[in-house]
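A.B. asks: My structure is below; once you've seen it, I'll send some questions.
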Amino acid sequence: MNVAKSGYRVFSANSTPACTELSKKITERLGVELGKSVVYQESNREQLAEVHLSVSVRDVNTAIMELLIMAYALKTSCAKNIIGVIPYFPYSKQCKMRKRGSIVCKLLASMLAKAGLTHIITMDLHQKEIQGFFTFPVDNLRASPFLVQYIQEEIPDYRNAIIVAKSPSAAKRAQSFAERLRLGLAVMHGEAQCSESDMADGRHSPPCVRNTIGHPGLELPLMMAKEKPPITVVGDVGGRIAIIVDDIIDDVEDFVATAEILKERGAYKIYIMATHGLLSADAPRLIEESAIDEVVVTNTVPHEVQKLQCPKIKTVDVSMILAEAIRRIHNGESMAYLFRNITVDD
């Protein structure tokens, strides 16, 4: 299939060389050429774009603006459909109200629709309910088949492993991995649980007002404050390989602390499997100095620099499923094949 016969063109954002590298892998699988596009910045930091337009910046907000400009340029050029391939959807953790804050993920969805996108292909949204923010189709692909395959092929004696959820909120995802691999499940509970605590999810909104006099005769029951229990591991990890499963690995302090606890409980090897490897700040150094043996992530997010800093970081290529999704959408074929044996918990 060549560009002339395919009926579509593939363009890449130019945020990082690694982003272009993923785009090249996708176009190679599709058998088409990568369209030429350049987005550049003027001295006043404004971005300009043309259909035949290259910048190398890593800032997520710059990447979002670049995508919006490119989509709008294609819209004004009368493109029939504009499909955005966004393997890692930014601001996905900000998908619910926190006290009186804004739901940034919803705002971004509205901006993408306004810019002209008609379809989005993404992977492992932090919350699947994010799909409801959009007024057009969103295909939320899964990386779990690739990660399960990696476990089976690259981890020696994986039959002696146990899947670990580092917090109760990650238990469903971990349970899905455990059931597919026919392995046991362990769940961490206590002070080391997920940083997205109930204190910030909007249930305490609006904030308390001092000296407020309620309606006469109205006495609301006072909610007792939560108290985290001491850290516990539900499940036996002694003498086992511990495989921690999550969707995003960014600040790694929680993962490092979890690995230390698992070591103390007898786990002799510790792996981390995640779809999106953001690996911000000192993550590579912390991983290298920790009890973690290997961190396995997909190439939804560029992390070549982090891999140079920490040889424990490994990459799984998911360009195959992204390319197949593009091909099926363009040809009007069913997407069901890409979701076979996929459940809500995956």
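How things are named: the first chain in the structure tokens is A, the next is B, and so on; residues count from 1 in each chain; ligands count from 1 in the order shown.
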Near Thr300 in chain A, within 9 Å and counting only C-alpha atoms, which residues show up once chain neighbours fewer than 6 positions away are dropped, as number ranges by chain?

C.D. replies: A: 19, 22, 86-88, 123, 275-277, 317-319

A.B. asks: Write to file, as a PDB file, in the first residue's frame, the residues of the selection just made, with all heavy atoms.

C.D. replies:
```pdb
ATOM      1  N   CYS A  19       9.203  10.679  19.457  1.00  0.00           N
ATOM      2  CA  CYS A  19       7.830  10.692  18.970  1.00  0.00           C
ATOM      3  C   CYS A  19       7.802  10.402  17.473  1.00  0.00           C
ATOM      4  O   CYS A  19       6.982   9.626  16.983  1.00  0.00           O
ATOM      5  CB  CYS A  19       7.195  12.050  19.265  1.00  0.00           C
ATOM      6  SG  CYS A  19       5.484  12.187  18.729  1.00  0.00           S
ATOM      7  N   LEU A  22       8.368   6.620  16.796  1.00  0.00           N
ATOM      8  CA  LEU A  22       7.173   5.792  16.904  1.00  0.00           C
ATOM      9  C   LEU A  22       6.308   5.946  15.659  1.00  0.00           C
ATOM     10  O   LEU A  22       5.767   4.961  15.135  1.00  0.00           O
ATOM     11  CB  LEU A  22       6.372   6.160  18.156  1.00  0.00           C
ATOM     12  CG  LEU A  22       5.039   5.424  18.362  1.00  0.00           C
ATOM     13  CD1 LEU A  22       5.241   3.918  18.430  1.00  0.00           C
ATOM     14  CD2 LEU A  22       4.329   5.932  19.614  1.00  0.00           C
ATOM     15  N   ILE A  86      -2.991   9.330  20.030  1.00  0.00           N
ATOM     16  CA  ILE A  86      -2.391   9.873  21.260  1.00  0.00           C
ATOM     17  C   ILE A  86      -2.185   8.696  22.208  1.00  0.00           C
ATOM     18  O   ILE A  86      -3.034   8.418  23.074  1.00  0.00           O
ATOM     19  CB  ILE A  86      -3.307  10.935  21.911  1.00  0.00           C
ATOM     20  CG1 ILE A  86      -3.792  11.945  20.859  1.00  0.00           C
ATOM     21  CG2 ILE A  86      -2.582  11.653  23.039  1.00  0.00           C
ATOM     22  CD1 ILE A  86      -4.809  12.931  21.376  1.00  0.00           C
ATOM     23  N   PRO A  87      -1.063   7.970  22.064  1.00  0.00           N
ATOM     24  CA  PRO A  87      -0.865   6.752  22.879  1.00  0.00           C
ATOM     25  C   PRO A  87      -0.983   6.992  24.378  1.00  0.00           C
ATOM     26  O   PRO A  87      -1.600   6.202  25.092  1.00  0.00           O
ATOM     27  CB  PRO A  87       0.548   6.307  22.482  1.00  0.00           C
ATOM     28  CG  PRO A  87       0.759   6.883  21.123  1.00  0.00           C
ATOM     29  CD  PRO A  87       0.054   8.194  21.129  1.00  0.00           C
ATOM     30  N   TYR A  88      -0.386   8.098  24.860  1.00  0.00           N
ATOM     31  CA  TYR A  88      -0.575   8.476  26.270  1.00  0.00           C
ATOM     32  C   TYR A  88      -1.356   9.772  26.297  1.00  0.00           C
ATOM     33  O   TYR A  88      -0.886  10.795  25.810  1.00  0.00           O
ATOM     34  CB  TYR A  88       0.763   8.643  26.996  1.00  0.00           C
ATOM     35  CG  TYR A  88       0.601   9.293  28.356  1.00  0.00           C
ATOM     36  CD1 TYR A  88      -0.064   8.631  29.385  1.00  0.00           C
ATOM     37  CD2 TYR A  88       1.070  10.586  28.606  1.00  0.00           C
ATOM     38  CE1 TYR A  88      -0.252   9.229  30.622  1.00  0.00           C
ATOM     39  CE2 TYR A  88       0.896  11.182  29.841  1.00  0.00           C
ATOM     40  CZ  TYR A  88       0.237  10.508  30.848  1.00  0.00           C
ATOM     41  OH  TYR A  88       0.043  11.105  32.069  1.00  0.00           O
ATOM     42  N   MET A 123      -4.298   4.667  24.361  1.00  0.00           N
ATOM     43  CA  MET A 123      -3.971   3.384  24.991  1.00  0.00           C
ATOM     44  C   MET A 123      -4.009   3.505  26.504  1.00  0.00           C
ATOM     45  O   MET A 123      -3.397   4.410  27.078  1.00  0.00           O
ATOM     46  CB  MET A 123      -2.589   2.911  24.523  1.00  0.00           C
ATOM     47  CG  MET A 123      -2.158   1.570  25.098  1.00  0.00           C
ATOM     48  SD  MET A 123      -0.748   0.845  24.237  1.00  0.00           S
ATOM     49  CE  MET A 123      -1.545   0.201  22.771  1.00  0.00           C
ATOM     50  N   THR A 275       2.212   0.567  31.419  1.00  0.00           N
ATOM     51  CA  THR A 275       2.004   0.963  30.028  1.00  0.00           C
ATOM     52  C   THR A 275       2.781   2.225  29.693  1.00  0.00           C
ATOM     53  O   THR A 275       3.515   2.279  28.701  1.00  0.00           O
ATOM     54  CB  THR A 275       0.506   1.193  29.753  1.00  0.00           C
ATOM     55  OG1 THR A 275      -0.214   0.005  30.068  1.00  0.00           O
ATOM     56  CG2 THR A 275       0.273   1.553  28.294  1.00  0.00           C
ATOM     57  N   HIS A 276       2.634   3.255  30.533  1.00  0.00           N
ATOM     58  CA  HIS A 276       3.206   4.563  30.226  1.00  0.00           C
ATOM     59  C   HIS A 276       4.389   4.859  31.159  1.00  0.00           C
ATOM     60  O   HIS A 276       4.207   4.994  32.368  1.00  0.00           O
ATOM     61  CB  HIS A 276       2.155   5.656  30.374  1.00  0.00           C
ATOM     62  CG  HIS A 276       0.877   5.358  29.647  1.00  0.00           C
ATOM     63  ND1 HIS A 276       0.802   5.265  28.274  1.00  0.00           N
ATOM     64  CD2 HIS A 276      -0.381   5.125  30.104  1.00  0.00           C
ATOM     65  CE1 HIS A 276      -0.441   4.993  27.910  1.00  0.00           C
ATOM     66  NE2 HIS A 276      -1.176   4.896  29.000  1.00  0.00           N
ATOM     67  N   GLY A 277       5.569   4.964  30.599  1.00  0.00           N
ATOM     68  CA  GLY A 277       6.757   5.252  31.397  1.00  0.00           C
ATOM     69  C   GLY A 277       7.140   6.721  31.322  1.00  0.00           C
ATOM     70  O   GLY A 277       7.974   7.115  30.511  1.00  0.00           O
ATOM     71  N   ASP A 317       7.472  -2.646  22.304  1.00  0.00           N
ATOM     72  CA  ASP A 317       6.949  -1.893  21.166  1.00  0.00           C
ATOM     73  C   ASP A 317       5.471  -2.207  20.943  1.00  0.00           C
ATOM     74  O   ASP A 317       5.081  -3.381  20.836  1.00  0.00           O
ATOM     75  CB  ASP A 317       7.759  -2.240  19.910  1.00  0.00           C
ATOM     76  CG  ASP A 317       7.282  -1.489  18.681  1.00  0.00           C
ATOM     77  OD1 ASP A 317       6.678  -0.400  18.858  1.00  0.00           O
ATOM     78  OD2 ASP A 317       7.505  -1.970  17.555  1.00  0.00           O
ATOM     79  N   VAL A 318       4.632  -1.159  20.895  1.00  0.00           N
ATOM     80  CA  VAL A 318       3.190  -1.350  20.671  1.00  0.00           C
ATOM     81  C   VAL A 318       2.745  -0.717  19.357  1.00  0.00           C
ATOM     82  O   VAL A 318       1.544  -0.510  19.138  1.00  0.00           O
ATOM     83  CB  VAL A 318       2.364  -0.759  21.847  1.00  0.00           C
ATOM     84  CG1 VAL A 318       2.593  -1.554  23.116  1.00  0.00           C
ATOM     85  CG2 VAL A 318       2.678   0.717  22.055  1.00  0.00           C
ATOM     86  N   SER A 319       3.697  -0.394  18.484  1.00  0.00           N
ATOM     87  CA  SER A 319       3.336   0.244  17.215  1.00  0.00           C
ATOM     88  C   SER A 319       2.445  -0.654  16.359  1.00  0.00           C
ATOM     89  O   SER A 319       1.645  -0.168  15.557  1.00  0.00           O
ATOM     90  CB  SER A 319       4.595   0.631  16.442  1.00  0.00           C
ATOM     91  OG  SER A 319       5.369  -0.519  16.111  1.00  0.00           O
TER      92      SER A 319
END
```

A.B. asks: Tell me, in Å to one decimal, how far CA of Ser37 in chain A is from CA of Phe136 in chain A.

C.D. replies: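 Atom-to-atom, CA of Ser37 in chain A and CA of Phe136 in chain A are spaced 24.9 Å apart.
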
A.B. asks: Which of these, A:Ile231, A:Val237, A:Val10, A:Val104, has the shortest distance to Glu28 in chain A once you count only C-alpha atoms?

C.D. replies: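 The closest residue to Glu28 in chain A is A:Val10.
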
A.B. asks: Tell me, in Å to one decimal, how far CA of Ser290 in chain A is from CA of Asp236 in chain A.

C.D. replies: 21.5 Å

A.B. asks: Give the alpha helix (DSSP H) residues of range 50-275 of chain A, as DSSP finds them on the backbone, and put them as an mmCIF file with N, CA and C atoms, in the first residue's frame.

C.D. replies:
```cif
data_model
loop_
_atom_site.group_PDB
_atom_site.id
_atom_site.type_symbol
_atom_site.label_atom_id
_atom_site.label_comp_id
_atom_site.auth_asym_id
_atom_site.auth_seq_id
_atom_site.Cartn_x
_atom_site.Cartn_y
_atom_site.Cartn_z
ATOM 1 N N VAL A 60 4.945 18.974 27.672
ATOM 2 C CA VAL A 60 3.651 18.378 27.309
ATOM 3 C C VAL A 60 2.686 19.433 26.796
ATOM 4 N N ASN A 61 2.720 20.642 27.383
ATOM 5 C CA ASN A 61 1.810 21.687 26.930
ATOM 6 C C ASN A 61 2.151 22.146 25.514
ATOM 7 N N THR A 62 3.426 22.183 25.189
ATOM 8 C CA THR A 62 3.834 22.517 23.824
ATOM 9 C C THR A 62 3.353 21.447 22.856
ATOM 10 N N ALA A 63 3.452 20.186 23.275
ATOM 11 C CA ALA A 63 2.998 19.087 22.421
ATOM 12 C C ALA A 63 1.497 19.170 22.177
ATOM 13 N N ILE A 64 0.723 19.525 23.214
ATOM 14 C CA ILE A 64 -0.722 19.665 23.059
ATOM 15 C C ILE A 64 -1.041 20.791 22.080
ATOM 16 N N MET A 65 -0.362 21.930 22.257
ATOM 17 C CA MET A 65 -0.609 23.061 21.362
ATOM 18 C C MET A 65 -0.238 22.715 19.927
ATOM 19 N N GLU A 66 0.843 21.978 19.781
ATOM 20 C CA GLU A 66 1.261 21.540 18.447
ATOM 21 C C GLU A 66 0.183 20.666 17.802
ATOM 22 N N LEU A 67 -0.381 19.751 18.570
ATOM 23 C CA LEU A 67 -1.431 18.876 18.055
ATOM 24 C C LEU A 67 -2.664 19.679 17.654
ATOM 25 N N LEU A 68 -3.057 20.632 18.475
ATOM 26 C CA LEU A 68 -4.227 21.450 18.171
ATOM 27 C C LEU A 68 -4.027 22.249 16.889
ATOM 28 N N ILE A 69 -2.826 22.828 16.742
ATOM 29 C CA ILE A 69 -2.546 23.629 15.549
ATOM 30 C C ILE A 69 -2.539 22.764 14.297
ATOM 31 N N MET A 70 -1.915 21.598 14.389
ATOM 32 C CA MET A 70 -1.871 20.707 13.225
ATOM 33 C C MET A 70 -3.269 20.218 12.854
ATOM 34 N N ALA A 71 -4.075 19.873 13.859
ATOM 35 C CA ALA A 71 -5.439 19.417 13.581
ATOM 36 C C ALA A 71 -6.258 20.515 12.917
ATOM 37 N N TYR A 72 -6.098 21.740 13.415
ATOM 38 C CA TYR A 72 -6.859 22.849 12.837
ATOM 39 C C TYR A 72 -6.383 23.159 11.421
ATOM 40 N N ALA A 73 -5.075 23.023 11.179
ATOM 41 C CA ALA A 73 -4.550 23.231 9.829
ATOM 42 C C ALA A 73 -5.141 22.216 8.855
ATOM 43 N N LEU A 74 -5.276 20.963 9.296
ATOM 44 C CA LEU A 74 -5.869 19.928 8.451
ATOM 45 C C LEU A 74 -7.368 20.172 8.253
ATOM 46 N N LYS A 75 -8.027 20.658 9.300
ATOM 47 C CA LYS A 75 -9.458 20.957 9.207
ATOM 48 C C LYS A 75 -9.712 22.052 8.178
ATOM 49 N N THR A 76 -8.917 23.115 8.223
ATOM 50 C CA THR A 76 -9.091 24.214 7.275
ATOM 51 C C THR A 76 -8.620 23.840 5.875
ATOM 52 N N VAL A 104 -9.380 19.077 34.164
ATOM 53 C CA VAL A 104 -8.554 19.470 33.028
ATOM 54 C C VAL A 104 -8.712 18.501 31.859
ATOM 55 N N CYS A 105 -8.901 17.231 32.153
ATOM 56 C CA CYS A 105 -9.039 16.240 31.094
ATOM 57 C C CYS A 105 -10.264 16.529 30.229
ATOM 58 N N LYS A 106 -11.343 16.959 30.835
ATOM 59 C CA LYS A 106 -12.551 17.328 30.096
ATOM 60 C C LYS A 106 -12.287 18.552 29.229
ATOM 61 N N LEU A 107 -11.560 19.519 29.765
ATOM 62 C CA LEU A 107 -11.204 20.719 29.001
ATOM 63 C C LEU A 107 -10.401 20.347 27.763
ATOM 64 N N LEU A 108 -9.427 19.456 27.928
ATOM 65 C CA LEU A 108 -8.598 19.040 26.804
ATOM 66 C C LEU A 108 -9.428 18.324 25.745
ATOM 67 N N ALA A 109 -10.374 17.499 26.178
ATOM 68 C CA ALA A 109 -11.251 16.807 25.233
ATOM 69 C C ALA A 109 -12.054 17.805 24.407
ATOM 70 N N SER A 110 -12.540 18.851 25.043
ATOM 71 C CA SER A 110 -13.308 19.874 24.325
ATOM 72 C C SER A 110 -12.433 20.633 23.339
ATOM 73 N N MET A 111 -11.190 20.908 23.719
ATOM 74 C CA MET A 111 -10.268 21.619 22.834
ATOM 75 C C MET A 111 -9.941 20.790 21.595
ATOM 76 N N LEU A 112 -9.751 19.486 21.782
ATOM 77 C CA LEU A 112 -9.432 18.615 20.648
ATOM 78 C C LEU A 112 -10.611 18.551 19.671
ATOM 79 N N ALA A 113 -11.827 18.501 20.199
ATOM 80 C CA ALA A 113 -13.007 18.481 19.336
ATOM 81 C C ALA A 113 -13.138 19.798 18.575
ATOM 82 N N LYS A 114 -12.894 20.903 19.259
ATOM 83 C CA LYS A 114 -12.999 22.211 18.620
ATOM 84 C C LYS A 114 -11.953 22.384 17.527
ATOM 85 N N ALA A 115 -10.757 21.791 17.721
ATOM 86 C CA ALA A 115 -9.686 21.914 16.737
ATOM 87 C C ALA A 115 -9.980 21.131 15.466
ATOM 88 N N SER A 144 -1.921 -4.612 27.677
ATOM 89 C CA SER A 144 -1.744 -5.813 28.491
ATOM 90 C C SER A 144 -1.331 -7.049 27.696
ATOM 91 N N PRO A 145 -1.835 -7.282 26.462
ATOM 92 C CA PRO A 145 -1.359 -8.462 25.728
ATOM 93 C C PRO A 145 0.140 -8.440 25.473
ATOM 94 N N PHE A 146 0.706 -7.265 25.215
ATOM 95 C CA PHE A 146 2.137 -7.142 24.961
ATOM 96 C C PHE A 146 2.946 -7.350 26.255
ATOM 97 N N LEU A 147 2.420 -6.823 27.371
ATOM 98 C CA LEU A 147 3.126 -6.977 28.642
ATOM 99 C C LEU A 147 3.052 -8.419 29.149
ATOM 100 N N VAL A 148 1.891 -9.058 28.951
ATOM 101 C CA VAL A 148 1.763 -10.468 29.334
ATOM 102 C C VAL A 148 2.722 -11.330 28.507
ATOM 103 N N GLN A 149 2.812 -11.035 27.229
ATOM 104 C CA GLN A 149 3.739 -11.770 26.367
ATOM 105 C C GLN A 149 5.180 -11.578 26.823
ATOM 106 N N TYR A 150 5.532 -10.361 27.242
ATOM 107 C CA TYR A 150 6.888 -10.099 27.734
ATOM 108 C C TYR A 150 7.176 -10.940 28.974
ATOM 109 N N ILE A 151 6.207 -11.003 29.876
ATOM 110 C CA ILE A 151 6.397 -11.800 31.099
ATOM 111 C C ILE A 151 6.657 -13.261 30.741
ATOM 112 N N GLN A 152 5.870 -13.780 29.828
ATOM 113 C CA GLN A 152 5.989 -15.189 29.462
ATOM 114 C C GLN A 152 7.303 -15.507 28.746
ATOM 115 N N GLU A 153 7.797 -14.558 27.966
ATOM 116 C CA GLU A 153 8.972 -14.837 27.135
ATOM 117 C C GLU A 153 10.289 -14.344 27.736
ATOM 118 N N GLU A 154 10.253 -13.328 28.578
ATOM 119 C CA GLU A 154 11.489 -12.688 29.028
ATOM 120 C C GLU A 154 11.802 -12.870 30.512
ATOM 121 N N ALA A 171 -5.879 -3.080 42.170
ATOM 122 C CA ALA A 171 -6.111 -4.515 42.340
ATOM 123 C C ALA A 171 -6.815 -5.144 41.137
ATOM 124 N N LYS A 172 -7.750 -4.425 40.514
ATOM 125 C CA LYS A 172 -8.471 -5.000 39.373
ATOM 126 C C LYS A 172 -7.536 -5.283 38.203
ATOM 127 N N ARG A 173 -6.665 -4.312 37.909
ATOM 128 C CA ARG A 173 -5.706 -4.506 36.824
ATOM 129 C C ARG A 173 -4.775 -5.674 37.147
ATOM 130 N N ALA A 174 -4.281 -5.723 38.385
ATOM 131 C CA ALA A 174 -3.376 -6.803 38.786
ATOM 132 C C ALA A 174 -4.089 -8.157 38.734
ATOM 133 N N GLN A 175 -5.356 -8.176 39.139
ATOM 134 C CA GLN A 175 -6.111 -9.422 39.111
ATOM 135 C C GLN A 175 -6.257 -9.937 37.679
ATOM 136 N N SER A 176 -6.446 -9.018 36.734
ATOM 137 C CA SER A 176 -6.567 -9.414 35.334
ATOM 138 C C SER A 176 -5.288 -10.084 34.839
ATOM 139 N N PHE A 177 -4.125 -9.507 35.183
ATOM 140 C CA PHE A 177 -2.847 -10.104 34.814
ATOM 141 C C PHE A 177 -2.690 -11.476 35.470
ATOM 142 N N ALA A 178 -3.037 -11.556 36.755
ATOM 143 C CA ALA A 178 -2.882 -12.811 37.486
ATOM 144 C C ALA A 178 -3.739 -13.920 36.879
ATOM 145 N N GLU A 179 -4.961 -13.601 36.491
ATOM 146 C CA GLU A 179 -5.855 -14.615 35.923
ATOM 147 C C GLU A 179 -5.366 -15.080 34.552
ATOM 148 N N ARG A 180 -4.832 -14.167 33.745
ATOM 149 C CA ARG A 180 -4.357 -14.551 32.409
ATOM 150 C C ARG A 180 -3.079 -15.384 32.486
ATOM 151 N N LEU A 181 -2.253 -15.115 33.488
ATOM 152 C CA LEU A 181 -0.995 -15.843 33.630
ATOM 153 C C LEU A 181 -1.129 -17.048 34.567
ATOM 154 N N GLU A 253 8.849 7.025 43.744
ATOM 155 C CA GLU A 253 9.072 6.816 45.177
ATOM 156 C C GLU A 253 8.182 5.704 45.743
ATOM 157 N N ASP A 254 6.896 5.695 45.333
ATOM 158 C CA ASP A 254 5.984 4.659 45.822
ATOM 159 C C ASP A 254 6.421 3.271 45.372
ATOM 160 N N PHE A 255 6.885 3.169 44.123
ATOM 161 C CA PHE A 255 7.330 1.876 43.607
ATOM 162 C C PHE A 255 8.590 1.403 44.331
ATOM 163 N N VAL A 256 9.496 2.334 44.606
ATOM 164 C CA VAL A 256 10.728 1.981 45.324
ATOM 165 C C VAL A 256 10.394 1.506 46.734
ATOM 166 N N ALA A 257 9.480 2.220 47.412
ATOM 167 C CA ALA A 257 9.077 1.830 48.764
ATOM 168 C C ALA A 257 8.385 0.464 48.752
ATOM 169 N N THR A 258 7.551 0.231 47.760
ATOM 170 C CA THR A 258 6.880 -1.061 47.635
ATOM 171 C C THR A 258 7.886 -2.185 47.426
ATOM 172 N N ALA A 259 8.893 -1.927 46.588
ATOM 173 C CA ALA A 259 9.925 -2.934 46.321
ATOM 174 C C ALA A 259 10.691 -3.279 47.592
ATOM 175 N N GLU A 260 10.987 -2.280 48.418
ATOM 176 C CA GLU A 260 11.707 -2.524 49.671
ATOM 177 C C GLU A 260 10.890 -3.420 50.600
ATOM 178 N N ILE A 261 9.583 -3.151 50.675
ATOM 179 C CA ILE A 261 8.718 -3.957 51.538
ATOM 180 C C ILE A 261 8.636 -5.394 51.032
ATOM 181 N N LEU A 262 8.521 -5.544 49.704
ATOM 182 C CA LEU A 262 8.444 -6.894 49.129
ATOM 183 C C LEU A 262 9.739 -7.669 49.367
ATOM 184 N N LYS A 263 10.869 -6.978 49.309
ATOM 185 C CA LYS A 263 12.157 -7.624 49.610
ATOM 186 C C LYS A 263 12.182 -8.108 51.055
ATOM 187 N N GLU A 264 11.698 -7.248 51.948
ATOM 188 C CA GLU A 264 11.666 -7.615 53.362
ATOM 189 C C GLU A 264 10.758 -8.828 53.596
#
```

A.B. asks: From a backbone DSSP assignment, name each residue in range 52-157 of chain A labelled strand (DSSP E), as number ranges by chain.

C.D. replies: A: 83-86, 119-123, 138-141

A.B. asks: Separation of CA of Gln309 in chain A and CA of Pro284 in chain A, in Å?

C.D. replies: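 For CA of Gln309 in chain A relative to CA of Pro284 in chain A, the distance reads 6.0 Å.
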
A.B. asks: Using only C-alpha atoms, pick whichever of A:Ile292, A:Ala225, A:Ser280, A:Ile163 has the shortest atom-to-atom distance to Arg240 in chain A.

C.D. replies: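 Of all the options, A:Ile163 lies closest to Arg240 in chain A.
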